[in-house]
Structures are given as C-alpha cells and as structure tokens.
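Student: Structure incoming, see below.
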Amino acid sequence: GDLKVVLPTLRPIADGRMILCQGNFLVVKDGTKTFRKGMPSCGPFRLTEFTAGQGSAFERYDDHYGH
C-alpha cells in the first residue's frame, strides 16, 4: 500500500531496521531527481549533492546547536 517502505540492499542485513533509526538515513519519494535549494532539514549535516539511484553527499553544518 501507500505506507510500504522498500529498502533494497546488495545483500541481507540482519539489523536493517536499525538503519531507519539512524540520523544519516534519507527517505525520498520514488522518482525524486532533485531537491530544491534551501530544503528544510535538521541535524549536524546539510545535503550538498543528490544523485537519484546512486547516493547523497553532505557537509558539516557548523551552526548546528550540538556543535
């Protein structure tokens, strides 16, 4: 249904559910090609690059309250 999450991996991951709990996990809608500039986010890193189907790159966000 609409709430189904598919997490494709190259091999089985026993603790795969834990991946979803990590702060560095990015969930995007299927078919997303780009993100708009200034995309709202939180955390110690900000998105700098996104390549659909391949990966994402982040940089340290020095103004994060935790630093």
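Note on naming: chains are A, B, ... as they come in the structure tokens, residues start from 1 per chain, ligands start from 1 in the order shown.
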Compile the contact shell of Asp30 of chain A as an MDAnalysis selection string: residues with an atom at most 12 Å away, counting only C-alpha atoms, same-chain residues fewer than 5 positions apart removed.

Tutor: chainID A and resid 2 4:7 52:53

Student: Contacts of Arg60 of chain A at 8 Å or less, counting only C-alpha atoms, minus same-chain residues fewer than 4 places along, as JSON, numbers by chain?

Tutor: {"A": [44, 45, 46]}

Student: Pick from A:Cys21, A:Tyr65, A:Thr9, A:Gly16: nearest to Gly43 of chain A, with only C-alpha atoms counted?

Tutor: A:Tyr65

Student: Report the distance between atom CA of Lys33 of chain A and atom CA of Thr51 of chain A in Å, rounded to one decimal place.

Tutor: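 Pair atom CA of Lys33 of chain A / atom CA of Thr51 of chain A returns 7.2 Å.
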
Student: Quick one: residues within 7 Å of Thr48 of chain A, only C-alpha atoms counted, chain neighbours fewer than 5 positions away excluded, as a PyMOL selection string?

Tutor: chain A and resi 57-59

Student: For the atom pair atom CA of Lys29 of chain A and atom CA of Leu10 of chain A, what is the interatomic distance in Å to one decimal place?

Tutor: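 Here the two named atoms are 20.3 Å from each other.
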